[in-house]
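Student: My questions will all concern the structure given below.
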Protein chains: 6
Amino acid sequence: MPRVRIVRRLHFSAAHRLSRPDWSEERNVRTFGECAHRNWHGHNYELEVAVVGPVDPETGYVMDLAALKELVERRVVGDLDHRNLNLDVPWLADVVPTTENLAIGIWQRISPHIPPPAVLDAVIVQETPRNRVEYRGG
Amino acid sequence: MPRVRIVRRLHFSAAHRLSRPDWSEERNVRTFGECAHRNWHGHNYELEVAVVGPVDPETGYVMDLAALKELVERRVVGDLDHRNLNLDVPWLADVVPTTENLAIGIWQRISPHIPPPAVLDAVIVQETPRNRVEYRGG
Amino acid sequence: MPRVRIVRRLHFSAAHRLSRPDWSEERNVRTFGECAHRNWHGHNYELEVAVVGPVDPETGYVMDLAALKELVERRVVGDLDHRNLNLDVPWLADVVPTTENLAIGIWQRISPHIPPPAVLDAVIVQETPRNRVEYRGG
Amino acid sequence: MPRVRIVRRLHFSAAHRLSRPDWSEERNVRTFGECAHRNWHGHNYELEVAVVGPVDPETGYVMDLAALKELVERRVVGDLDHRNLNLDVPWLADVVPTTENLAIGIWQRISPHIPPPAVLDAVIVQETPRNRVEYRGG
Amino acid sequence: MPRVRIVRRLHFSAAHRLSRPDWSEERNVRTFGECAHRNWHGHNYELEVAVVGPVDPETGYVMDLAALKELVERRVVGDLDHRNLNLDVPWLADVVPTTENLAIGIWQRISPHIPPPAVLDAVIVQETPRNRVEYRGG
Amino acid sequence: MPRVRIVRRLHFSAAHRLSRPDWSEERNVRTFGECAHRNWHGHNYELEVAVVGPVDPETGYVMDLAALKELVERRVVGDLDHRNLNLDVPWLADVVPTTENLAIGIWQRISPHIPPPAVLDAVIVQETPRNRVEYRGG
């Protein structure tokens with residue numbers, strides 16, 4: 001059975017700030033630059049979730065993309081959209097909300113819920129039209 | 001002399017919240033929905049500034065687009081990028097930072113500085129890939 | 001009070017065919033080329049709806065974009081998405097479903113429902129990344 | 001000799017319907033949702049074809065991209081553009097025309113015709129701006 | 001009869017340089033900056049041609065977009081694509097090839113050939129993703 | 001420590017011509033078609049640089065994207081933007097400036113300068129919206 005990769009794209013808008021509470025303001029600004037601004041800033045995030053698996057010979061589907069969308073909306077986008085990544089998201093509470101940590105956190109929220117034999121292949125987060133990050137587990 | 005419209009596109013990322021301090025939290029949420037979330041959210045804004053004027057017969061320019069870019073960066077983007085539209089921007093202090101009010105505010109910052117005979121024609125602000133606003137003065 | 005133009009972008013996927021039932025197949029193909037193919041073809045349509053009006057001094061809104069989205073989904077997108085423009089849409093039954101006629105039909109569906117003092121300003125329909133049409137009433 | 005991946009993007013518009021003739025209408029709708037609509041719907045498909053191989057030291061080419069374009073137009077796009085994927089395409093006749101099966105079918109049409117030592121690396125089909133599929137053989 | 005605006009988008013790649021042969025190199029660089037670089041540079045230009053007219057009640061067309069495409073390819077794109085705007089284009093020979101002058105030149109090449117009652121409404125030339133120009137005649 | 005891939009996108013505009021000085025004009029045109037045009041043509045190139053590495057547990061960064069941007073601007077974009085790839089770039093002097101050779105040359109300029117333990121993963125060069133090339137070393 002051929003293996004195919006399917007990708008669903010979703011969108012959310014959030015505020016954040018790159019800073020560590022255990023560092024001084026001065027050290028945060030030196031490390032994170034403008035992204036450490038104390039009154040927050042924000043982004044329109046574009047999120048892509050990629051799943052790989054065999055194509056079901058009856059339906060021609062790896063996985064119903066509508067079900068994938070519903071899963072990601074319920075477990076990820078609903079927690080992030082119109083929220084503050086530093087203050088409002090329990091599963092990001094222990095990390096600096098860089099795009100790298102955001103992608104890892106999203107992977108952990110989705111990966112156990114992909115119906116086998118399909119598996120999560122990648123989480124891609126675009127923070128701006130010029131910056132993006134890809135996490136493939138491991 | 002032919003009149004031509006030139007457009008420069010710029011980008012900034014900011015946090016905001018739609019709410020009036022003179023309204024109750026409950027009324028803000030009823031009016032502005034998710035956009036009233038108290039811990040802020042944010043966007044990648046795409047800004048287009050359009051200028052109209054005669055084409056200089058010597059240079060073939062309405063206005064040097066590099067000069068237009070520099071003007072908008074200095075008087076607008078520098079105040080907005082990686083900032084909080086509610087807390088950090090003196091020229092937005094008296095309004096709810098909707099995309100409409102943002103476009104009007106940007107117009108007022110730029111319009112007096114366009115070198116005649118060219119004039120500012122429009123300020124277009126895209127808040128998300130699905131929402132944008134256009135202000136043409138008046 | 002300043003007047004501002006707000007634009008909401010929506011999406012639908014539909015099948016269609018350009019042909020007149022009162023013409024011969026040969027005449028339809030001669031006039032409409034590939035678009036007359038008898039077994040249908042289809043597009044991802046991008047729809048933009050523009051509304052103009054004064055900015056409410058209390059809310060900073062011309063019109064709540066969420067309400068505009070809901071209106072267009074209910075009266076337009078719900079009738080068109082995953083449908084056949086020739087067979088399934090009562091308000092297109094009497095015209096060839098060109099992008100021009102689609103824009104005019106959408107205008108008529110939405111225009112009477114924009115809450116005054118705002119008014120519908122334009123309906124823009126993009127049929128492919130290379131082709132689009134704009135209707136402004138009248 | 002360095003190995004490089006080259007990608008050519010092409011476009012086609014087609015109608016389709018997700019349904020199995022050996023299933024009841026009710027079962028098709030339960031499985032495929034809106035995509036099973038009996039009067040068809042359609043999409044603007046974006047197709048990317050990726051080829052990998054050594055760079056020819058004389059020309060600096062892996063493969064002439066104009067030749068790749070011509071190959072894909074002749075063997076794939078010419079069969080699909082302004083056509084119905086269920087009714088008009090012999091090489092899709094035995095499968096449900098999901099994006100997965102479309103990518104596999106396109107791979108089989110192109111793969112044997114890539115001039116060695118270059119080889120086909122991936123077929124990527126974007127059905128909507130939010131959904132895409134990637135097939136890499138095997 | 002309703003009047004509608006139709007837009008066709010086309011693409012070409014060209015080299016150019018902003019400089020006047022009657023000015024010194026030093027004055028050209030002072031006026032045009034990097035764009036005066038003596039060994040040329042180039043762009044992927046995106047060209048939009050907009051036509052306005054009444055919708056033909058029989059066909060539902062303002063003008064056949066395939067005919068508009070063919071006209072613009074024959075009279076404009078064929079002269080510009082993979083060419084040098086300073087050296088290779090007779091109808092740009094007397095002007096500095098700024099985006100403004102390019103839009104005016106394209107207007108003059110197309111405007112007399114739009115079949116009445118439709119008329120050319122605008123020529124829009126995007127030189128980079130951040131810069132574009134619009135000419136509407138007059 | 002999880003390994004993540006980060007990508008930065010940059011832009012430059014350049015002129016070039018595909019031709020070998022040791023071949024006849026006729027052979028160049030036969031091999032490279034329009035791209036061999038003797039008076040040059042040009043493109044808006046989109047460049048993506050991908051870096052892979054472990055996420056620093058303190059900062060949440062693989063590598064500061066601002067530092068990556070600065071590196072690519074200094075060692076690559078500064079040499080290419082508003083330049084002629086055949087005439088102005090010492091590190092491309094010995095090759096035909098195809099997109100393949102451009103990607104390889106950019107890799108060699110950047111790869112030794114990525115701060116360990118991160119490593120350069122890919123250089124992706126988009127020459128037109130329809131053509132792109134990817135080099136991953138080796």
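To be explicit about the labels: the chains of the structure tokens are called A, B, and onward in the order shown, and within each one the residues are counted from 1, while ligands get numbers from 1 in the order they are shown.
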Quick check: residues of chain F within 6 Å of chain A, only C-alpha atoms, returned as an NGL selection string.
Tutor: :F and (2 or 4-9 or 60)
Student: Store the residues of this selection in a file with C-alpha atoms, as a PDB file, in the first residue's frame.
Tutor:
```pdb
ATOM      1  CA  PRO F   2      14.627  17.947  20.657  1.00  0.00           C
ATOM      2  CA  VAL F   4      14.152  21.529  15.295  1.00  0.00           C
ATOM      3  CA  ARG F   5      14.551  23.063  11.823  1.00  0.00           C
ATOM      4  CA  ILE F   6      14.313  26.841  11.499  1.00  0.00           C
ATOM      5  CA  VAL F   7      13.902  28.686   8.206  1.00  0.00           C
ATOM      6  CA  ARG F   8      14.579  32.310   7.324  1.00  0.00           C
ATOM      7  CA  ARG F   9      13.303  33.816   4.070  1.00  0.00           C
ATOM      8  CA  GLY F  60      14.181  28.064  23.399  1.00  0.00           C
TER       9      GLY F  60
END
```
Student: Let's see if you can do this: from backbone DSSP, list all helix (DSSP H, G or I) residues in chain E, as number ranges by chain.
Tutor: E: 25-36, 65-80, 90-92, 99-113
Student: From a DSSP pass on the backbone, collect the residues of chain F flagged as strand (DSSP E) and hand them back as a ChimeraX atom specification.
Tutor: /F:3-16,41-54,83-84,119-128,131-135
Student: Can you tell me which residues surround region 74-90 of chain E at a distance of at most 6 Å, considering only C-alpha atoms, apart from same-chain residues fewer than 4 positions away, and format the answer as a PDB file with N, CA, C and O atoms, in the first residue's frame?
Tutor:
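Resulting contents of out17.pdb:
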```pdb
ATOM      1  N   PHE E  12       6.102  38.461 -16.342  1.00  0.00           N
ATOM      2  CA  PHE E  12       7.302  38.449 -17.194  1.00  0.00           C
ATOM      3  C   PHE E  12       8.526  38.751 -16.340  1.00  0.00           C
ATOM      4  O   PHE E  12       8.427  39.331 -15.269  1.00  0.00           O
ATOM      5  N   SER E  13       9.683  38.333 -16.837  1.00  0.00           N
ATOM      6  CA  SER E  13      10.956  38.542 -16.157  1.00  0.00           C
ATOM      7  C   SER E  13      11.846  39.369 -17.078  1.00  0.00           C
ATOM      8  O   SER E  13      12.017  39.014 -18.241  1.00  0.00           O
ATOM      9  N   ALA E  14      12.420  40.438 -16.523  1.00  0.00           N
ATOM     10  CA  ALA E  14      13.212  41.324 -17.376  1.00  0.00           C
ATOM     11  C   ALA E  14      14.352  41.949 -16.580  1.00  0.00           C
ATOM     12  O   ALA E  14      14.314  42.007 -15.349  1.00  0.00           O
ATOM     13  N   ALA E  15      15.356  42.402 -17.312  1.00  0.00           N
ATOM     14  CA  ALA E  15      16.440  43.188 -16.722  1.00  0.00           C
ATOM     15  C   ALA E  15      16.180  44.666 -16.981  1.00  0.00           C
ATOM     16  O   ALA E  15      15.518  45.034 -17.950  1.00  0.00           O
ATOM     17  N   HIS E  16      16.685  45.524 -16.101  1.00  0.00           N
ATOM     18  CA  HIS E  16      16.663  46.953 -16.398  1.00  0.00           C
ATOM     19  C   HIS E  16      17.697  47.659 -15.535  1.00  0.00           C
ATOM     20  O   HIS E  16      18.401  47.068 -14.728  1.00  0.00           O
TER      21      HIS E  16
ATOM     22  N   ASN F  39      21.209  40.342 -23.961  1.00  0.00           N
ATOM     23  CA  ASN F  39      21.140  41.592 -23.194  1.00  0.00           C
ATOM     24  C   ASN F  39      20.645  41.394 -21.760  1.00  0.00           C
ATOM     25  O   ASN F  39      20.187  42.341 -21.144  1.00  0.00           O
ATOM     26  N   HIS F  41      18.386  39.225 -18.614  1.00  0.00           N
ATOM     27  CA  HIS F  41      17.049  39.404 -18.047  1.00  0.00           C
ATOM     28  C   HIS F  41      17.254  39.295 -16.541  1.00  0.00           C
ATOM     29  O   HIS F  41      18.391  39.314 -16.077  1.00  0.00           O
TER      30      HIS F  41
END
```
Student: In Å, with one decimal, what is the gap from CA of Arg27 (chain C) to CA of Trp40 (chain C)?
Tutor: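 Between these atoms lies a distance of 16.6 Å.
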Student: Using CA of Arg38 (chain C) and CA of Val72 (chain D) as the two end points, give the distance in Å to one decimal.
Tutor: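 Straight-line distance from CA of Arg38 (chain C) to CA of Val72 (chain D) works out to 24.1 Å.
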